[in-house]
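Novice: Got a structure for you, query_30.cif, holding mmCIF, N, CA and C atoms.
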```
data_data
loop_
_atom_site.label_atom_id
_atom_site.label_comp_id
_atom_site.auth_asym_id
_atom_site.auth_seq_id
_atom_site.Cartn_x
_atom_site.Cartn_y
_atom_site.Cartn_z
N ALA A 1 17.75 59.66 20.75
CA ALA A 1 16.39 59.40 20.34
C ALA A 1 16.37 58.12 19.52
N GLY A 2 15.65 57.11 20.02
CA GLY A 2 15.54 55.82 19.32
C GLY A 2 14.50 55.88 18.22
N LYS A 3 14.75 55.12 17.19
CA LYS A 3 13.79 55.05 16.10
C LYS A 3 12.63 54.17 16.51
N GLN A 4 11.46 54.60 16.10
CA GLN A 4 10.28 53.79 16.37
C GLN A 4 9.87 53.09 15.08
N ILE A 5 9.60 51.82 15.21
CA ILE A 5 9.16 51.03 14.06
C ILE A 5 7.64 51.05 14.04
N PRO A 6 7.07 51.52 12.93
CA PRO A 6 5.61 51.54 12.87
C PRO A 6 5.07 50.11 12.82
N THR A 7 4.04 49.85 13.59
CA THR A 7 3.43 48.52 13.59
C THR A 7 2.03 48.64 13.01
N GLN A 8 1.72 47.65 12.24
CA GLN A 8 0.38 47.60 11.65
C GLN A 8 -0.44 46.62 12.46
N GLN A 9 -1.55 47.06 12.93
CA GLN A 9 -2.44 46.16 13.64
C GLN A 9 -3.80 46.25 12.99
N GLY A 10 -4.48 45.14 13.00
CA GLY A 10 -5.80 45.10 12.41
C GLY A 10 -6.15 43.66 12.07
N PRO A 11 -7.35 43.48 11.53
CA PRO A 11 -7.80 42.12 11.25
C PRO A 11 -6.94 41.38 10.23
N SER A 12 -6.47 42.07 9.18
CA SER A 12 -5.69 41.36 8.17
C SER A 12 -4.34 40.94 8.72
N ASN A 13 -3.73 41.76 9.58
CA ASN A 13 -2.45 41.40 10.19
C ASN A 13 -2.63 40.23 11.16
N THR A 14 -3.72 40.23 11.90
CA THR A 14 -4.00 39.14 12.82
C THR A 14 -4.19 37.84 12.06
N ILE A 15 -4.91 37.88 10.95
CA ILE A 15 -5.12 36.69 10.13
C ILE A 15 -3.78 36.21 9.57
N ALA A 16 -2.93 37.14 9.16
CA ALA A 16 -1.62 36.76 8.63
C ALA A 16 -0.78 36.05 9.68
N VAL A 17 -0.84 36.53 10.90
CA VAL A 17 -0.07 35.92 11.98
C VAL A 17 -0.63 34.53 12.32
N LEU A 18 -1.94 34.40 12.29
CA LEU A 18 -2.57 33.13 12.64
C LEU A 18 -2.71 32.17 11.46
N SER A 19 -2.31 32.59 10.25
CA SER A 19 -2.53 31.77 9.06
C SER A 19 -1.93 30.37 9.13
N PRO A 20 -0.75 30.15 9.74
CA PRO A 20 -0.28 28.76 9.83
C PRO A 20 -1.24 27.86 10.59
N LEU A 21 -1.83 28.37 11.67
CA LEU A 21 -2.80 27.58 12.42
C LEU A 21 -4.10 27.42 11.65
N ILE A 22 -4.50 28.45 10.94
CA ILE A 22 -5.73 28.40 10.16
C ILE A 22 -5.60 27.39 9.03
N VAL A 23 -4.43 27.34 8.40
CA VAL A 23 -4.21 26.38 7.30
C VAL A 23 -4.28 24.95 7.83
N VAL A 24 -3.65 24.69 8.97
CA VAL A 24 -3.70 23.35 9.56
C VAL A 24 -5.15 22.98 9.87
N ALA A 25 -5.90 23.91 10.45
CA ALA A 25 -7.30 23.65 10.77
C ALA A 25 -8.11 23.40 9.50
N ALA A 26 -7.82 24.14 8.43
CA ALA A 26 -8.55 23.96 7.18
C ALA A 26 -8.27 22.61 6.54
N VAL A 27 -7.01 22.18 6.59
CA VAL A 27 -6.65 20.88 6.00
C VAL A 27 -7.27 19.74 6.81
N LEU A 28 -7.31 19.88 8.12
CA LEU A 28 -7.86 18.83 8.97
C LEU A 28 -9.38 18.88 9.07
N PHE A 29 -10.01 19.92 8.54
CA PHE A 29 -11.45 20.08 8.68
C PHE A 29 -12.23 18.92 8.08
N VAL A 30 -11.89 18.50 6.87
CA VAL A 30 -12.64 17.44 6.19
C VAL A 30 -12.55 16.12 6.97
N PRO A 31 -11.36 15.62 7.30
CA PRO A 31 -11.33 14.35 8.05
C PRO A 31 -11.93 14.46 9.46
N LEU A 32 -11.75 15.59 10.12
CA LEU A 32 -12.34 15.74 11.45
C LEU A 32 -13.86 15.81 11.39
N LEU A 33 -14.39 16.47 10.36
CA LEU A 33 -15.84 16.51 10.18
C LEU A 33 -16.37 15.11 9.91
N ASP A 34 -15.66 14.33 9.09
CA ASP A 34 -16.05 12.95 8.82
C ASP A 34 -16.06 12.13 10.11
N LEU A 35 -15.04 12.30 10.94
CA LEU A 35 -14.96 11.61 12.22
C LEU A 35 -16.12 12.01 13.13
N LEU A 36 -16.37 13.29 13.24
CA LEU A 36 -17.44 13.79 14.10
C LEU A 36 -18.80 13.27 13.62
N MET A 37 -19.02 13.28 12.31
CA MET A 37 -20.29 12.78 11.77
C MET A 37 -20.44 11.28 12.06
N ALA A 38 -19.35 10.51 11.99
CA ALA A 38 -19.41 9.07 12.29
C ALA A 38 -19.78 8.84 13.75
N VAL A 39 -19.18 9.59 14.65
CA VAL A 39 -19.48 9.43 16.08
C VAL A 39 -20.94 9.77 16.36
N VAL A 40 -21.41 10.88 15.80
CA VAL A 40 -22.81 11.29 16.01
C VAL A 40 -23.75 10.25 15.41
N ARG A 41 -23.47 9.81 14.20
CA ARG A 41 -24.33 8.84 13.51
C ARG A 41 -24.42 7.54 14.31
N ARG A 42 -23.30 7.07 14.80
CA ARG A 42 -23.28 5.79 15.53
C ARG A 42 -23.95 5.90 16.90
N THR A 43 -23.70 6.98 17.61
CA THR A 43 -24.30 7.12 18.94
C THR A 43 -25.81 7.34 18.84
N ARG A 44 -26.27 7.99 17.78
CA ARG A 44 -27.73 8.15 17.59
C ARG A 44 -28.41 6.81 17.38
N ARG A 45 -27.69 5.88 16.76
CA ARG A 45 -28.24 4.54 16.53
C ARG A 45 -28.10 3.65 17.76
N GLY A 46 -27.48 4.17 18.81
CA GLY A 46 -27.29 3.39 20.02
C GLY A 46 -26.08 2.48 19.95
N LEU A 47 -25.20 2.70 18.98
CA LEU A 47 -24.00 1.89 18.83
C LEU A 47 -22.81 2.59 19.49
N SER A 48 -21.75 1.84 19.64
CA SER A 48 -20.51 2.41 20.14
C SER A 48 -19.93 3.35 19.07
N PRO A 49 -19.29 4.44 19.47
CA PRO A 49 -18.66 5.32 18.48
C PRO A 49 -17.56 4.61 17.70
N PHE A 50 -17.08 3.49 18.22
CA PHE A 50 -16.00 2.74 17.56
C PHE A 50 -16.53 1.63 16.67
N HIS A 51 -17.86 1.48 16.59
CA HIS A 51 -18.46 0.45 15.74
C HIS A 51 -18.22 0.79 14.27
N ALA A 52 -17.76 -0.18 13.49
CA ALA A 52 -17.44 0.07 12.08
C ALA A 52 -18.71 0.20 11.24
N ASP A 53 -18.66 1.06 10.24
CA ASP A 53 -19.74 1.16 9.27
C ASP A 53 -19.17 1.61 7.93
N LYS A 54 -20.00 1.62 6.93
CA LYS A 54 -19.56 2.00 5.57
C LYS A 54 -20.15 3.35 5.18
N MET A 55 -20.21 4.28 6.13
CA MET A 55 -20.81 5.58 5.86
C MET A 55 -19.80 6.72 5.88
N HIS A 56 -18.51 6.40 5.94
CA HIS A 56 -17.50 7.47 5.88
C HIS A 56 -17.53 8.11 4.49
N LEU A 57 -16.93 9.28 4.40
CA LEU A 57 -16.93 10.04 3.16
C LEU A 57 -16.36 9.23 2.00
N HIS A 58 -15.25 8.55 2.21
CA HIS A 58 -14.67 7.80 1.09
C HIS A 58 -15.56 6.64 0.66
N HIS A 59 -16.27 6.01 1.61
CA HIS A 59 -17.22 4.95 1.24
C HIS A 59 -18.37 5.52 0.41
N ARG A 60 -18.84 6.69 0.79
CA ARG A 60 -19.94 7.30 0.03
C ARG A 60 -19.50 7.69 -1.37
N LEU A 61 -18.27 8.18 -1.50
CA LEU A 61 -17.76 8.52 -2.83
C LEU A 61 -17.61 7.27 -3.70
N LEU A 62 -17.16 6.17 -3.10
CA LEU A 62 -17.07 4.91 -3.84
C LEU A 62 -18.46 4.42 -4.25
N GLU A 63 -19.42 4.59 -3.36
CA GLU A 63 -20.79 4.13 -3.61
C GLU A 63 -21.44 4.85 -4.79
N ILE A 64 -21.13 6.13 -4.97
CA ILE A 64 -21.76 6.85 -6.08
C ILE A 64 -21.02 6.68 -7.39
N GLY A 65 -19.90 5.92 -7.38
CA GLY A 65 -19.27 5.58 -8.64
C GLY A 65 -17.84 6.06 -8.85
N HIS A 66 -17.23 6.66 -7.86
CA HIS A 66 -15.84 7.08 -8.00
C HIS A 66 -14.91 5.89 -7.76
N SER A 67 -13.75 5.91 -8.40
CA SER A 67 -12.74 4.89 -8.13
C SER A 67 -12.07 5.24 -6.80
N GLN A 68 -11.30 4.29 -6.29
CA GLN A 68 -10.58 4.52 -5.04
C GLN A 68 -9.65 5.73 -5.17
N ARG A 69 -8.93 5.79 -6.27
CA ARG A 69 -7.99 6.90 -6.50
C ARG A 69 -8.73 8.24 -6.59
N ARG A 70 -9.83 8.27 -7.33
CA ARG A 70 -10.58 9.51 -7.49
C ARG A 70 -11.21 9.95 -6.17
N ALA A 71 -11.65 9.00 -5.36
CA ALA A 71 -12.22 9.35 -4.05
C ALA A 71 -11.18 10.04 -3.18
N VAL A 72 -9.97 9.50 -3.17
CA VAL A 72 -8.89 10.12 -2.38
C VAL A 72 -8.56 11.50 -2.94
N LEU A 73 -8.48 11.60 -4.27
CA LEU A 73 -8.17 12.90 -4.88
C LEU A 73 -9.26 13.93 -4.60
N LEU A 74 -10.51 13.50 -4.54
CA LEU A 74 -11.60 14.43 -4.22
C LEU A 74 -11.50 14.93 -2.79
N ILE A 75 -11.14 14.05 -1.87
CA ILE A 75 -10.97 14.48 -0.48
C ILE A 75 -9.80 15.48 -0.41
N TYR A 76 -8.73 15.20 -1.16
CA TYR A 76 -7.62 16.16 -1.24
C TYR A 76 -8.09 17.48 -1.84
N LEU A 77 -8.94 17.42 -2.86
CA LEU A 77 -9.45 18.64 -3.49
C LEU A 77 -10.22 19.49 -2.49
N TRP A 78 -11.11 18.86 -1.72
CA TRP A 78 -11.87 19.60 -0.72
C TRP A 78 -10.93 20.25 0.31
N ALA A 79 -9.94 19.49 0.76
CA ALA A 79 -8.98 20.04 1.73
C ALA A 79 -8.16 21.17 1.11
N ALA A 80 -7.79 21.02 -0.16
CA ALA A 80 -7.00 22.05 -0.84
C ALA A 80 -7.80 23.34 -1.02
N VAL A 81 -9.07 23.22 -1.37
CA VAL A 81 -9.90 24.42 -1.53
C VAL A 81 -10.02 25.16 -0.20
N LEU A 82 -10.23 24.42 0.87
CA LEU A 82 -10.33 25.06 2.19
C LEU A 82 -9.00 25.67 2.62
N ALA A 83 -7.89 24.98 2.36
CA ALA A 83 -6.57 25.51 2.72
C ALA A 83 -6.24 26.74 1.89
N PHE A 84 -6.57 26.71 0.60
CA PHE A 84 -6.35 27.89 -0.25
C PHE A 84 -7.12 29.08 0.31
N GLY A 85 -8.34 28.87 0.69
CA GLY A 85 -9.13 29.96 1.27
C GLY A 85 -8.52 30.50 2.54
N ALA A 86 -7.98 29.61 3.36
CA ALA A 86 -7.35 30.05 4.61
C ALA A 86 -6.12 30.91 4.33
N VAL A 87 -5.31 30.50 3.36
CA VAL A 87 -4.12 31.29 3.01
C VAL A 87 -4.53 32.58 2.32
N ALA A 88 -5.50 32.51 1.44
CA ALA A 88 -5.92 33.69 0.68
C ALA A 88 -6.49 34.78 1.58
N LEU A 89 -7.08 34.39 2.70
CA LEU A 89 -7.62 35.40 3.63
C LEU A 89 -6.55 36.37 4.10
N SER A 90 -5.33 35.88 4.26
CA SER A 90 -4.27 36.76 4.75
C SER A 90 -3.61 37.56 3.62
N LEU A 91 -3.91 37.19 2.37
CA LEU A 91 -3.25 37.85 1.25
C LEU A 91 -4.15 38.78 0.44
N PHE A 92 -5.43 38.48 0.39
CA PHE A 92 -6.33 39.21 -0.50
C PHE A 92 -7.52 39.78 0.26
N ASN A 93 -8.28 40.59 -0.46
CA ASN A 93 -9.50 41.18 0.06
C ASN A 93 -10.50 40.07 0.42
N GLY A 94 -11.17 40.21 1.54
CA GLY A 94 -12.09 39.18 2.02
C GLY A 94 -13.20 38.83 1.06
N SER A 95 -13.77 39.83 0.38
CA SER A 95 -14.88 39.54 -0.54
C SER A 95 -14.41 38.77 -1.76
N VAL A 96 -13.19 39.04 -2.23
CA VAL A 96 -12.62 38.29 -3.36
C VAL A 96 -12.42 36.84 -2.95
N VAL A 97 -11.91 36.62 -1.76
CA VAL A 97 -11.67 35.27 -1.27
C VAL A 97 -12.98 34.51 -1.16
N VAL A 98 -14.02 35.17 -0.67
CA VAL A 98 -15.32 34.51 -0.54
C VAL A 98 -15.83 34.06 -1.91
N TRP A 99 -15.71 34.90 -2.92
CA TRP A 99 -16.17 34.53 -4.27
C TRP A 99 -15.34 33.39 -4.84
N VAL A 100 -14.03 33.47 -4.70
CA VAL A 100 -13.17 32.40 -5.22
C VAL A 100 -13.44 31.09 -4.48
N MET A 101 -13.63 31.17 -3.16
CA MET A 101 -13.95 29.97 -2.38
C MET A 101 -15.30 29.39 -2.81
N ALA A 102 -16.27 30.24 -3.04
CA ALA A 102 -17.59 29.76 -3.47
C ALA A 102 -17.48 29.04 -4.80
N ILE A 103 -16.72 29.60 -5.72
CA ILE A 103 -16.53 28.95 -7.03
C ILE A 103 -15.77 27.63 -6.86
N GLY A 104 -14.72 27.63 -6.04
CA GLY A 104 -13.95 26.41 -5.79
C GLY A 104 -14.79 25.32 -5.14
N LEU A 105 -15.62 25.69 -4.17
CA LEU A 105 -16.48 24.71 -3.52
C LEU A 105 -17.55 24.20 -4.47
N LEU A 106 -18.06 25.07 -5.34
CA LEU A 106 -19.05 24.63 -6.33
C LEU A 106 -18.43 23.64 -7.31
N VAL A 107 -17.21 23.93 -7.79
CA VAL A 107 -16.51 23.01 -8.70
C VAL A 107 -16.26 21.67 -8.00
N ALA A 108 -15.80 21.71 -6.74
CA ALA A 108 -15.54 20.48 -5.99
C ALA A 108 -16.83 19.68 -5.80
N LEU A 109 -17.94 20.37 -5.55
CA LEU A 109 -19.23 19.70 -5.38
C LEU A 109 -19.69 19.04 -6.67
N VAL A 110 -19.56 19.74 -7.79
CA VAL A 110 -19.96 19.18 -9.09
C VAL A 110 -19.09 17.98 -9.44
N VAL A 111 -17.78 18.09 -9.25
CA VAL A 111 -16.88 16.98 -9.55
C VAL A 111 -17.19 15.79 -8.64
N SER A 112 -17.50 16.06 -7.38
CA SER A 112 -17.82 14.97 -6.45
C SER A 112 -19.11 14.26 -6.83
N ALA A 113 -20.08 15.00 -7.34
CA ALA A 113 -21.38 14.42 -7.69
C ALA A 113 -21.45 13.96 -9.14
N ALA A 114 -20.36 14.08 -9.89
CA ALA A 114 -20.37 13.76 -11.33
C ALA A 114 -20.91 12.37 -11.66
N PRO A 115 -20.48 11.30 -10.98
CA PRO A 115 -21.03 9.99 -11.34
C PRO A 115 -22.54 9.90 -11.12
N ARG A 116 -23.01 10.52 -10.07
CA ARG A 116 -24.45 10.51 -9.80
C ARG A 116 -25.19 11.30 -10.86
N LEU A 117 -24.62 12.43 -11.29
CA LEU A 117 -25.26 13.25 -12.32
C LEU A 117 -25.28 12.53 -13.66
N ARG A 118 -24.22 11.78 -13.98
CA ARG A 118 -24.15 11.05 -15.25
C ARG A 118 -25.16 9.91 -15.30
N SER A 119 -25.46 9.30 -14.15
CA SER A 119 -26.35 8.14 -14.14
C SER A 119 -27.82 8.51 -14.30
N ARG A 120 -28.14 9.78 -14.20
CA ARG A 120 -29.55 10.20 -14.33
C ARG A 120 -30.00 10.26 -15.74
#
```
As structure tokens, what does this structure read like?

Specialist:
Amino acid sequence: AGKQIPTQQGPSNTIAVLSPLIVVAAVLFVPLLDLLMAVVRRTRRGLSPFHADKMHLHHRLLEIGHSQRRAVLLIYLWAAVLAFGAVALSLFNGSVVVWVMAIGLLVALVVSAAPRLRSR
């Protein structure tokens, strides 16, 4: 008689198995969204998707008063918050992750808008 190994199946186990792919997708989400928005913005104007403009996320962060270094760190912060949420989904209760992600995204939003808020 062979021993049977109990297997756990369910949504949390599936998320745990897929978490490496989810983390990669979460980290790439911000730059890919920026790319997609640039293509849509340019084609709506009747321009080539490869036409240069100053409307990328880092240009907008510089425009509202962030330094080059802070703009890069903010983009890293957004990617880190999303990646943390992707990893946390496989480790913690979903509702806890949603609340922590909401707080993290709110902090990232406030920090990103800080120069604009100070100028008012």

Novice: Between A:Val97, A:Val87, A:Ile64, A:Ala79, single out the one closest to Ser112 of chain A, counting only C-alpha atoms.

Specialist: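 Of A:Val97, A:Val87, A:Ile64, A:Ala79, the one nearest Ser112 of chain A, counting only C-alpha atoms, is A:Ile64.
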
Novice: Neighbouring residues of segment 104-109 of chain A were defined as those with any atom within 7 Å, considering all atoms listed in the file; residues of the same chain fewer than 5 positions away were excluded. Please report them as a PyMOL selection string.

Specialist: chain A and resi 77-78+81+99+114

Novice: Measuring atom to atom with only N, CA and C atoms, identify which of A:Ala38, A:Val72, A:Leu32, A:Gly85 is nearest to Phe50 of chain A.

Specialist: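 Distance minimum relative to Phe50 of chain A lands on A:Ala38.
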
Novice: Please run DSSP on the backbone and report, as a PyMOL selection string, all residues within chain A that come out as helix (DSSP H, G or I).

Specialist: chain A and resi 11-44+57-63+68-91+94-119

Novice: Which is closest to Ala25 of chain A among A:Leu117, A:Ala83, A:Val100, A:Ala88, if we use only N, CA and C atoms?

Specialist: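 Looking only at the distances to Ala25 of chain A, the closest residue turns out to be A:Ala83.
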
Novice: How would segment 32-43 of chain A look with all heavy atoms restored, written as a short mmCIF file (atom, residue, chain, number, x, y, z; two decimals), keeping the file's coordinate frame?

Specialist:
```cif
data_model
loop_
_atom_site.label_atom_id
_atom_site.label_comp_id
_atom_site.auth_asym_id
_atom_site.auth_seq_id
_atom_site.Cartn_x
_atom_site.Cartn_y
_atom_site.Cartn_z
N LEU A 32 -11.75 15.59 10.12
CA LEU A 32 -12.34 15.74 11.45
C LEU A 32 -13.86 15.81 11.39
O LEU A 32 -14.55 15.28 12.26
CB LEU A 32 -11.76 16.95 12.17
CG LEU A 32 -10.31 16.80 12.63
CD1 LEU A 32 -9.81 18.08 13.27
CD2 LEU A 32 -10.17 15.64 13.59
N LEU A 33 -14.39 16.47 10.36
CA LEU A 33 -15.84 16.51 10.18
C LEU A 33 -16.37 15.11 9.91
O LEU A 33 -17.41 14.72 10.45
CB LEU A 33 -16.21 17.46 9.03
CG LEU A 33 -17.70 17.59 8.74
CD1 LEU A 33 -18.42 18.22 9.93
CD2 LEU A 33 -17.91 18.42 7.49
N ASP A 34 -15.66 14.33 9.09
CA ASP A 34 -16.05 12.95 8.82
C ASP A 34 -16.06 12.13 10.11
O ASP A 34 -16.99 11.36 10.37
CB ASP A 34 -15.09 12.35 7.78
CG ASP A 34 -15.53 10.99 7.30
OD1 ASP A 34 -16.74 10.75 7.16
OD2 ASP A 34 -14.64 10.16 7.03
N LEU A 35 -15.04 12.30 10.94
CA LEU A 35 -14.96 11.61 12.22
C LEU A 35 -16.12 12.01 13.13
O LEU A 35 -16.79 11.16 13.72
CB LEU A 35 -13.63 11.91 12.90
CG LEU A 35 -13.49 11.40 14.34
CD1 LEU A 35 -13.35 9.89 14.37
CD2 LEU A 35 -12.30 12.06 15.00
N LEU A 36 -16.37 13.29 13.24
CA LEU A 36 -17.44 13.79 14.10
C LEU A 36 -18.80 13.27 13.62
O LEU A 36 -19.63 12.83 14.43
CB LEU A 36 -17.44 15.32 14.12
CG LEU A 36 -18.50 15.99 14.97
CD1 LEU A 36 -18.26 15.66 16.44
CD2 LEU A 36 -18.50 17.47 14.76
N MET A 37 -19.02 13.28 12.31
CA MET A 37 -20.29 12.78 11.77
C MET A 37 -20.44 11.28 12.06
O MET A 37 -21.55 10.81 12.35
CB MET A 37 -20.37 13.06 10.27
CG MET A 37 -20.58 14.53 9.97
SD MET A 37 -20.49 14.93 8.21
CE MET A 37 -21.67 13.82 7.49
N ALA A 38 -19.35 10.51 11.99
CA ALA A 38 -19.41 9.07 12.29
C ALA A 38 -19.78 8.84 13.75
O ALA A 38 -20.63 7.98 14.05
CB ALA A 38 -18.08 8.42 11.96
N VAL A 39 -19.18 9.59 14.65
CA VAL A 39 -19.48 9.43 16.08
C VAL A 39 -20.94 9.77 16.36
O VAL A 39 -21.65 9.02 17.04
CB VAL A 39 -18.52 10.29 16.94
CG1 VAL A 39 -18.98 10.34 18.39
CG2 VAL A 39 -17.10 9.76 16.83
N VAL A 40 -21.41 10.88 15.80
CA VAL A 40 -22.81 11.29 16.01
C VAL A 40 -23.75 10.25 15.41
O VAL A 40 -24.73 9.83 16.05
CB VAL A 40 -23.06 12.69 15.41
CG1 VAL A 40 -24.54 13.01 15.37
CG2 VAL A 40 -22.30 13.74 16.20
N ARG A 41 -23.47 9.81 14.20
CA ARG A 41 -24.33 8.84 13.51
C ARG A 41 -24.42 7.54 14.31
O ARG A 41 -25.51 6.98 14.49
CB ARG A 41 -23.74 8.59 12.11
CG ARG A 41 -24.46 7.60 11.27
CD ARG A 41 -23.84 7.45 9.87
NE ARG A 41 -22.45 7.02 9.91
CZ ARG A 41 -21.40 7.76 9.52
NH1 ARG A 41 -21.59 8.96 9.04
NH2 ARG A 41 -20.18 7.29 9.58
N ARG A 42 -23.30 7.07 14.80
CA ARG A 42 -23.28 5.79 15.53
C ARG A 42 -23.95 5.90 16.90
O ARG A 42 -24.70 5.01 17.30
CB ARG A 42 -21.85 5.30 15.69
CG ARG A 42 -21.23 4.93 14.36
CD ARG A 42 -19.76 4.72 14.46
NE ARG A 42 -19.16 4.51 13.15
CZ ARG A 42 -17.87 4.58 12.91
NH1 ARG A 42 -17.03 4.86 13.88
NH2 ARG A 42 -17.41 4.39 11.69
N THR A 43 -23.70 6.98 17.61
CA THR A 43 -24.30 7.12 18.94
C THR A 43 -25.81 7.34 18.84
O THR A 43 -26.55 6.91 19.71
CB THR A 43 -23.64 8.24 19.76
OG1 THR A 43 -23.65 9.45 19.00
CG2 THR A 43 -22.22 7.88 20.12
#
```
